[in-house]
$ cat input-v2.txt   # compact mmCIF, C-alpha atoms
# COMPACT_ATOMS: atom_id res chain seq x y z
CA THR A 1 170.67 -86.16 69.62
CA ASP A 2 168.34 -83.17 69.66
CA ASP A 3 169.27 -79.55 68.88
CA ASN A 4 170.88 -79.19 72.33
CA CYS A 5 173.01 -82.35 71.84
CA ARG A 6 170.92 -84.39 74.31
CA THR A 7 170.71 -88.13 73.72
CA HIS A 8 167.69 -90.27 74.59
CA ILE A 9 169.39 -91.11 77.91
CA ASP A 10 168.77 -88.55 80.63
CA GLY A 11 171.90 -86.59 81.52
CA VAL A 12 173.93 -87.94 78.58
CA TYR A 13 175.02 -85.54 75.82
CA ALA A 14 176.99 -86.13 72.63
CA ALA A 15 179.18 -83.69 70.71
CA GLY A 16 181.38 -83.80 67.64
CA ASP A 17 181.68 -86.15 64.69
CA LEU A 18 179.68 -89.01 66.19
CA ARG A 19 176.53 -86.90 65.71
CA ALA A 20 174.57 -87.29 62.48
CA LYS A 21 175.08 -84.02 60.59
CA GLU A 22 176.05 -82.61 57.23
CA LEU A 23 179.32 -80.91 58.12
CA ARG A 24 182.11 -82.53 60.14
CA GLN A 25 184.80 -80.00 60.90
CA VAL A 26 186.64 -78.83 64.00
CA ILE A 27 184.50 -75.70 64.15
CA THR A 28 181.22 -77.65 64.21
CA ALA A 29 182.59 -80.08 66.81
CA VAL A 30 183.63 -77.19 69.06
CA ALA A 31 180.19 -75.62 68.56
CA ASP A 32 178.57 -78.90 69.62
CA GLY A 33 180.72 -78.89 72.74
CA ALA A 34 179.61 -75.36 73.63
CA VAL A 35 175.93 -76.19 73.03
CA ALA A 36 176.11 -79.44 75.03
CA ALA A 37 177.99 -77.87 77.94
CA THR A 38 175.58 -74.92 78.14
CA ALA A 39 172.51 -77.15 77.91
CA LEU A 40 173.86 -79.48 80.60
CA GLU A 41 174.69 -76.55 82.87
CA ARG A 42 171.16 -75.21 82.47
CA GLU A 43 169.65 -78.65 83.11
CA LEU A 44 171.64 -79.04 86.32
CA ALA A 45 170.74 -75.53 87.47
CA GLN A 46 167.05 -76.18 86.90
CA ALA A 47 167.23 -79.53 88.68
CA ARG A 48 168.96 -77.89 91.63
CA HIS A 49 166.40 -75.08 91.61
CA LYS A 50 163.61 -77.67 91.84
CA GLY A 51 165.35 -79.49 94.68
CA ALA A 52 166.21 -82.53 92.57
CA LEU A 53 169.90 -82.01 93.28
CA THR A 54 171.67 -80.83 96.40
CA GLU A 55 175.20 -79.60 96.64
CA ARG A 56 177.37 -81.60 99.03
CA ARG A 57 180.49 -80.27 100.66
CA GLU A 58 182.49 -81.55 103.58
CA PHE A 59 183.84 -79.07 106.11
CA SER A 60 186.85 -79.60 108.30
CA LYS A 61 186.58 -78.83 111.98
CA LYS A 62 188.48 -75.58 111.50
CA GLU A 63 186.53 -74.50 108.44
CA GLU A 64 183.56 -72.26 109.01
CA LYS A 65 180.41 -73.04 107.11
CA PRO A 66 179.57 -70.17 104.68
CA ALA A 67 176.64 -67.94 105.57
CA GLN A 68 173.37 -68.28 103.71
CA LYS A 69 172.96 -65.99 100.71
CA PRO A 70 170.11 -63.49 100.84
CA PRO A 71 166.96 -64.74 99.08
CA ARG A 72 167.36 -62.40 96.09
CA ALA A 73 170.66 -64.00 95.11
CA LEU A 74 169.83 -67.59 96.00
CA ASP A 75 170.14 -70.17 93.23
CA ASN A 76 168.78 -68.11 90.35
CA ALA A 77 168.86 -70.76 87.65
CA LEU A 78 168.40 -68.38 84.73
CA ILE A 79 169.49 -65.01 86.13
CA PRO A 80 173.04 -65.07 87.55
CA PRO A 81 173.73 -62.70 90.46
CA HIS A 82 175.83 -60.31 88.33
CA ARG A 83 172.97 -59.99 85.84
CA GLY A 84 170.59 -59.29 88.70
CA GLU A 85 172.90 -56.50 89.86
CA GLU A 86 173.01 -55.13 86.32
CA LEU A 87 169.22 -55.08 86.20
CA GLN A 88 169.10 -53.21 89.50
CA LYS A 89 171.46 -50.56 88.10
CA ILE A 90 169.32 -50.20 84.98
CA LEU A 91 166.17 -49.62 87.01
CA ALA A 92 167.94 -47.28 89.46
CA GLY A 93 169.21 -45.05 86.64
CA ALA A 94 166.10 -45.27 84.45
CA ARG A 95 164.98 -42.00 82.86
CA ARG A 96 161.80 -43.66 81.55
CA LYS A 97 159.55 -46.20 83.19
CA VAL A 98 159.61 -49.57 81.48
CA SER A 99 157.32 -52.57 81.78
CA ILE A 100 157.24 -56.12 80.43
CA HIS A 101 154.07 -57.59 78.98
CA ALA A 102 154.17 -61.36 78.59
CA LEU A 103 151.86 -63.10 76.13
CA LEU A 104 151.66 -66.72 77.22
CA ASP A 105 149.76 -69.77 76.02
CA ASP A 106 149.39 -73.22 77.57
CA SER A 107 152.63 -74.62 76.11
CA ALA A 108 155.53 -76.03 78.11
CA LEU A 109 157.71 -73.20 76.81
CA SER A 110 155.28 -70.61 78.20
CA LYS A 111 155.51 -72.33 81.58
CA ARG A 112 159.29 -71.94 81.47
CA VAL A 113 158.92 -68.28 80.54
CA ALA A 114 156.54 -67.84 83.49
CA ALA A 115 159.22 -69.35 85.75
CA PHE A 116 161.76 -66.88 84.33
CA LEU A 117 159.38 -64.00 85.05
CA ALA A 118 158.94 -65.22 88.63
CA GLU A 119 162.73 -65.16 88.99
CA LEU A 120 162.84 -61.71 87.41
CA SER A 121 160.26 -60.44 89.91
CA ALA A 122 162.29 -61.82 92.80
CA VAL A 123 165.44 -60.09 91.57
CA ALA A 124 163.70 -56.78 90.71
CA PRO A 125 160.32 -56.55 92.47
CA GLU A 126 159.94 -52.93 91.36
CA LEU A 127 159.84 -53.96 87.69
CA ASP A 128 156.29 -53.86 86.29
CA ILE A 129 155.50 -57.27 84.77
CA GLN A 130 152.09 -58.00 83.23
CA LYS A 131 151.07 -61.49 82.11
CA GLU A 132 148.29 -62.38 79.67
CA LEU A 133 147.17 -65.92 78.94
CA GLU A 134 146.21 -66.18 75.29
CA THR A 135 143.50 -68.72 74.54
CA GLY A 136 143.02 -67.92 70.86
CA TYR A 137 145.27 -67.44 67.86
CA ARG A 138 146.38 -63.89 67.11
CA PRO A 139 147.51 -63.47 63.45
CA GLY A 140 151.22 -62.76 63.14
CA GLN A 141 151.94 -63.34 66.83
CA TRP A 142 154.39 -65.96 68.07
CA TYR A 143 154.00 -67.42 71.56
CA PRO A 144 155.30 -66.99 74.14
CA ALA A 145 156.36 -63.36 73.77
CA LEU A 146 158.00 -60.92 76.15
CA ARG A 147 157.14 -57.42 74.96
CA LEU A 148 158.91 -54.27 76.13
CA CYS A 149 156.50 -51.42 76.87
CA ASP A 150 156.64 -48.02 78.49
CA GLY A 151 155.08 -47.16 81.83
CA GLU A 152 151.67 -46.66 80.20
CA GLY A 153 151.75 -50.05 78.49
CA ASN A 154 152.58 -48.68 75.03
CA PHE A 155 154.54 -51.24 72.99
CA TRP A 156 158.12 -50.28 72.11
CA GLY A 157 158.19 -52.64 69.13
CA ILE A 158 160.57 -55.12 70.78
CA GLN A 159 159.67 -58.66 71.75
CA PHE A 160 161.61 -61.74 72.73
CA HIS A 161 160.48 -65.30 72.02
CA GLY A 162 162.02 -67.94 74.23
CA VAL A 163 163.58 -68.07 77.70
CA PRO A 164 166.28 -65.37 78.03
CA SER A 165 169.39 -67.08 79.38
CA GLY A 166 173.09 -67.21 78.60
CA GLN A 167 174.05 -64.68 75.92
CA GLU A 168 170.37 -64.09 75.17
CA LEU A 169 169.90 -62.54 78.60
CA GLU A 170 172.50 -59.90 77.73
CA GLY A 171 170.52 -58.96 74.62
CA PHE A 172 167.29 -58.88 76.63
CA LEU A 173 168.86 -56.54 79.19
CA SER A 174 170.18 -54.27 76.43
CA GLY A 175 166.59 -53.79 75.30
CA LEU A 176 165.58 -52.90 78.85
CA LYS A 177 168.46 -50.40 79.01
CA GLY A 178 167.37 -48.70 75.82
CA ALA A 179 163.70 -48.62 76.82
CA ALA A 180 164.66 -47.17 80.21
CA GLY A 181 166.78 -44.50 78.54
CA VAL A 182 170.10 -45.61 79.98
CA GLY A 183 171.62 -47.13 76.85
CA PRO A 184 174.87 -45.92 75.24
CA GLU A 185 174.95 -42.61 73.37
CA GLU A 186 174.90 -42.88 69.59
CA ASP A 187 175.91 -40.51 66.80
CA PRO A 188 173.11 -37.88 66.54
CA ALA A 189 173.34 -37.99 62.73
CA LEU A 190 172.80 -41.75 62.79
CA LEU A 191 169.82 -41.44 65.13
CA GLU A 192 168.28 -38.81 62.86
CA LYS A 193 168.72 -41.15 59.90
CA ILE A 194 166.89 -43.89 61.83
CA ARG A 195 164.00 -41.56 62.67
CA ARG A 196 163.62 -40.55 59.03
CA LEU A 197 162.99 -44.12 57.85
CA GLN A 198 159.43 -44.05 56.54
CA LYS A 199 158.68 -47.64 55.59
CA PRO A 200 157.22 -49.99 58.23
CA LEU A 201 159.73 -52.75 58.80
CA ASN A 202 159.85 -56.07 60.65
CA LEU A 203 163.17 -57.59 61.68
CA LYS A 204 163.48 -61.12 63.02
CA ILE A 205 166.77 -62.05 64.68
CA LEU A 206 167.51 -65.71 65.38
CA VAL A 207 169.96 -66.31 68.22
CA THR A 208 171.17 -69.00 70.62
CA LEU A 209 172.15 -68.81 74.27
CA SER A 210 175.81 -69.59 73.47
CA CYS A 211 176.27 -67.07 70.63
CA GLY A 212 178.78 -64.43 71.68
CA LEU A 213 178.12 -62.29 68.57
CA CYS A 214 174.35 -62.15 69.04
CA PRO A 215 173.91 -59.61 71.91
CA GLU A 216 175.59 -56.76 70.00
CA MET A 217 173.38 -57.28 66.96
CA VAL A 218 170.25 -57.64 69.08
CA ALA A 219 171.09 -54.36 70.85
CA ALA A 220 171.59 -52.60 67.50
CA ALA A 221 168.28 -53.85 66.11
CA GLN A 222 166.45 -52.91 69.29
CA ARG A 223 167.85 -49.38 68.98
CA LEU A 224 166.14 -49.11 65.58
CA ALA A 225 162.77 -49.94 67.15
CA LEU A 226 163.30 -47.57 70.07
CA GLU A 227 164.09 -44.66 67.76
CA ASN A 228 161.47 -45.35 65.08
CA PRO A 229 157.92 -46.55 65.90
CA ARG A 230 157.52 -47.93 62.37
CA ILE A 231 160.16 -50.62 63.06
CA GLN A 232 159.49 -53.81 65.03
CA VAL A 233 162.08 -56.32 66.20
CA GLN A 234 161.43 -59.93 67.18
CA VAL A 235 164.22 -61.95 68.77
CA PHE A 236 163.89 -65.75 68.63
CA ASP A 237 165.83 -68.41 70.47
CA VAL A 238 166.15 -70.65 67.40
CA ALA A 239 166.33 -73.79 69.56
CA TYR A 240 162.64 -73.36 70.40
CA TYR A 241 161.43 -72.46 66.90
CA PRO A 242 162.62 -75.19 64.48
CA THR A 243 160.07 -74.13 61.84
CA LEU A 244 161.92 -70.83 61.43
CA ARG A 245 165.27 -72.59 61.27
CA GLU A 246 164.01 -74.92 58.56
CA LYS A 247 162.14 -72.26 56.60
CA TYR A 248 165.16 -69.98 56.30
CA GLN A 249 167.80 -72.75 56.22
CA VAL A 250 169.59 -71.30 59.24
CA ARG A 251 173.10 -72.72 59.59
CA SER A 252 174.62 -70.06 61.84
CA VAL A 253 173.63 -67.23 64.17
CA PRO A 254 173.02 -64.38 64.45
CA CYS A 255 170.61 -64.61 61.55
CA LEU A 256 168.67 -61.53 60.41
CA ILE A 257 165.41 -61.92 58.48
CA LEU A 258 164.18 -58.70 56.92
CA GLU A 259 160.47 -58.48 56.12
CA ASP A 260 160.24 -62.32 56.11
CA GLU A 261 162.19 -62.39 52.85
CA ALA A 262 165.83 -61.29 52.87
CA VAL A 263 168.13 -63.41 55.05
CA PHE A 264 171.53 -62.28 56.34
CA PHE A 265 173.98 -64.29 58.42
CA GLY A 266 176.57 -62.84 60.77
CA ARG A 267 176.78 -59.79 62.97
CA ARG A 268 175.67 -56.39 61.66
CA SER A 269 176.48 -53.05 63.29
CA LEU A 270 173.87 -50.35 63.85
CA TRP A 271 175.14 -48.46 60.79
CA GLU A 272 174.83 -51.59 58.65
CA LEU A 273 171.30 -52.26 59.89
CA VAL A 274 170.28 -48.70 59.08
CA GLU A 275 171.63 -49.11 55.54
CA LEU A 276 169.74 -52.40 55.11
CA ALA A 277 166.56 -50.79 56.43
CA ALA A 278 166.94 -47.82 54.08
CA ARG A 279 167.23 -50.16 51.06
CA ALA A 280 164.35 -52.43 52.09

$ encode --input "input-v2.txt" --output "structure tokens"
Amino acid sequence: TDDNCRTHIDGVYAAGDLRAKELRQVITAVADGAVAATALERELAQARHKGALTERREFSKKEEKPAQKPPRALDNALIPPHRGEELQKILAGARRKVSIHALLDDSALSKRVAAFLAELSAVAPELDIQKELETGYRPGQWYPALRLCDGEGNFWGIQFHGVPSGQELEGFLSGLKGAAGVGPEEDPALLEKIRRLQKPLNLKILVTLSCGLCPEMVAAAQRLALENPRIQVQVFDVAYYPTLREKYQVRSVPCLILEDEAVFFGRRSLWELVELAARA
């Protein structure tokens, strides 16, 4: 199986102790089940979105066929309707204009990100989305990248690498909330402490689409970048970046990598991240 529990047979997934792996415990078997189920659900949604699958339902003579959904809510494979509504609320209450700048290359992953952006535009046509096709290597830049910027195109220091879906989409939307100025209120003393951090800092956060603990930590890290221009945050869907997983021996998520050196596993609150940043 691959990292998403797919076998070499299309549509067939495997989970649990029959997989070749180092640790065989109930917790890893359950994790496999969650990964396999989520990956299969996404595969079916994408197939349906492409027209490869059609839903079939028989109606009795007395049953009325349901009305067609409006185009904006129709079969969004990566953006569920409730997330689309959340995005609309964010943009409606925005105190600052926010834009998304996508750095894409010619990889298959970039094509999937482009499809996500097309879906995003359909759900929120008022959102400013800029796409750049990168033909050369830019030192220190991972592709594809979704960068959060203000209305003038100034980079907020937050970028996402991968296709935001599942729990990752919640973290992505939390960044949009913060950039738009509609995020939750924080302790003024804590915010002042963040702004006083003087050392430039890079935080990498490795997540998966089924990690329920990841969005809170992603939101906390993004708040650091929004409050202090010397801090940059990169969020990676670890399924798409195996070199990072291998380099840092990632066995669980969320995984925080501070300045490409210190590695921390498990969720960290905003206060804990500030303390780690102050000691870096």

$ residues_around --input "input-v2.txt" --residues "segment 199-206 of chain A" --least-positions-apart "6" --cutoff "7 Å" --atoms "only C-alpha atoms" --output "list in words"
Arg230, Ile231, Gln232, Val233, Gln234, Val235, Phe236, Asp237, Val238, Val253, Pro254, Cys255, Leu256, Ile257, Leu258 and Glu259 of chain A

$ write_last_selection --input "input-v2.txt" --atoms "C-alpha atoms" --output "short mmCIF file (atom, residue, chain, number, x, y, z; two decimals), keeping the file's coordinate frame"
data_model
loop_
_atom_site.label_atom_id
_atom_site.label_comp_id
_atom_site.auth_asym_id
_atom_site.auth_seq_id
_atom_site.Cartn_x
_atom_site.Cartn_y
_atom_site.Cartn_z
CA ARG A 230 157.52 -47.93 62.37
CA ILE A 231 160.16 -50.62 63.06
CA GLN A 232 159.49 -53.81 65.03
CA VAL A 233 162.08 -56.32 66.20
CA GLN A 234 161.43 -59.93 67.18
CA VAL A 235 164.22 -61.95 68.77
CA PHE A 236 163.89 -65.75 68.63
CA ASP A 237 165.83 -68.41 70.47
CA VAL A 238 166.15 -70.65 67.40
CA VAL A 253 173.63 -67.23 64.17
CA PRO A 254 173.02 -64.38 64.45
CA CYS A 255 170.61 -64.61 61.55
CA LEU A 256 168.67 -61.53 60.41
CA ILE A 257 165.41 -61.92 58.48
CA LEU A 258 164.18 -58.70 56.92
CA GLU A 259 160.47 -58.48 56.12
#

$ residues_near_point --input "input-v2.txt" --point "(177.1, -74.2, 77.8)" --cutoff "12 Å" --atoms "only C-alpha atoms" --output "number ranges by chain"
A: 4-5, 13, 30-45, 165-167, 208-212

$ write_last_selection --input "input-v2.txt" --atoms "C-alpha atoms" --output "compact mmCIF listing (two decimals), in the frame of the given file"
# COMPACT_ATOMS: atom_id res chain seq x y z
CA ASN A 4 170.88 -79.19 72.33
CA CYS A 5 173.01 -82.35 71.84
CA TYR A 13 175.02 -85.54 75.82
CA VAL A 30 183.63 -77.19 69.06
CA ALA A 31 180.19 -75.62 68.56
CA ASP A 32 178.57 -78.90 69.62
CA GLY A 33 180.72 -78.89 72.74
CA ALA A 34 179.61 -75.36 73.63
CA VAL A 35 175.93 -76.19 73.03
CA ALA A 36 176.11 -79.44 75.03
CA ALA A 37 177.99 -77.87 77.94
CA THR A 38 175.58 -74.92 78.14
CA ALA A 39 172.51 -77.15 77.91
CA LEU A 40 173.86 -79.48 80.60
CA GLU A 41 174.69 -76.55 82.87
CA ARG A 42 171.16 -75.21 82.47
CA GLU A 43 169.65 -78.65 83.11
CA LEU A 44 171.64 -79.04 86.32
CA ALA A 45 170.74 -75.53 87.47
CA SER A 165 169.39 -67.08 79.38
CA GLY A 166 173.09 -67.21 78.60
CA GLN A 167 174.05 -64.68 75.92
CA THR A 208 171.17 -69.00 70.62
CA LEU A 209 172.15 -68.81 74.27
CA SER A 210 175.81 -69.59 73.47
CA CYS A 211 176.27 -67.07 70.63
CA GLY A 212 178.78 -64.43 71.68

$ atom_distance --input "input-v2.txt" --atom1 "atom CA of Leu127 of chain A" --atom2 "atom CA of Pro184 of chain A"
21.1 Å

$ closest_residue --input "input-v2.txt" --among "A:Asp187, A:Ala278, A:Arg245, A:Lys89" --to "Val263 of chain A" --atoms "only C-alpha atoms"
A:Arg245

$ atom_distance --input "input-v2.txt" --atom1 "atom CA of Ala219 of chain A" --atom2 "atom CA of Leu133 of chain A"
27.8 Å

$ residues_around --input "input-v2.txt" --residues "segment 225-229 of chain A" --least-positions-apart "3" --cutoff "9 Å" --atoms "all atoms listed in the file" --output "VMD selection string"
chain A and resid 156 to 158 175 178 to 179 191 to 192 194 to 198 200 221 to 222 232 to 233

$ write_last_selection --input "input-v2.txt" --atoms "C-alpha atoms" --output "tab-separated table (two decimals), in the coordinates of the input"
chain	number	residue	atom	x	y	z
A	156	TRP	CA	158.12	-50.28	72.11
A	157	GLY	CA	158.19	-52.64	69.13
A	158	ILE	CA	160.57	-55.12	70.78
A	175	GLY	CA	166.59	-53.79	75.30
A	178	GLY	CA	167.37	-48.70	75.82
A	179	ALA	CA	163.70	-48.62	76.82
A	191	LEU	CA	169.82	-41.44	65.13
A	192	GLU	CA	168.28	-38.81	62.86
A	194	ILE	CA	166.89	-43.89	61.83
A	195	ARG	CA	164.00	-41.56	62.67
A	196	ARG	CA	163.62	-40.55	59.03
A	197	LEU	CA	162.99	-44.12	57.85
A	198	GLN	CA	159.43	-44.05	56.54
A	200	PRO	CA	157.22	-49.99	58.23
A	221	ALA	CA	168.28	-53.85	66.11
A	222	GLN	CA	166.45	-52.91	69.29
A	232	GLN	CA	159.49	-53.81	65.03
A	233	VAL	CA	162.08	-56.32	66.20

$ axis_aligned_box --input "input-v2.txt" --around "segment 80-98 of chain A" --padding-each-side "5 Å" --output "AutoDock Vina command-line options"
--center_x 167.7 --center_y -53.5 --center_z 86.0 --size_x 26.3 --size_y 33.1 --size_z 19.0
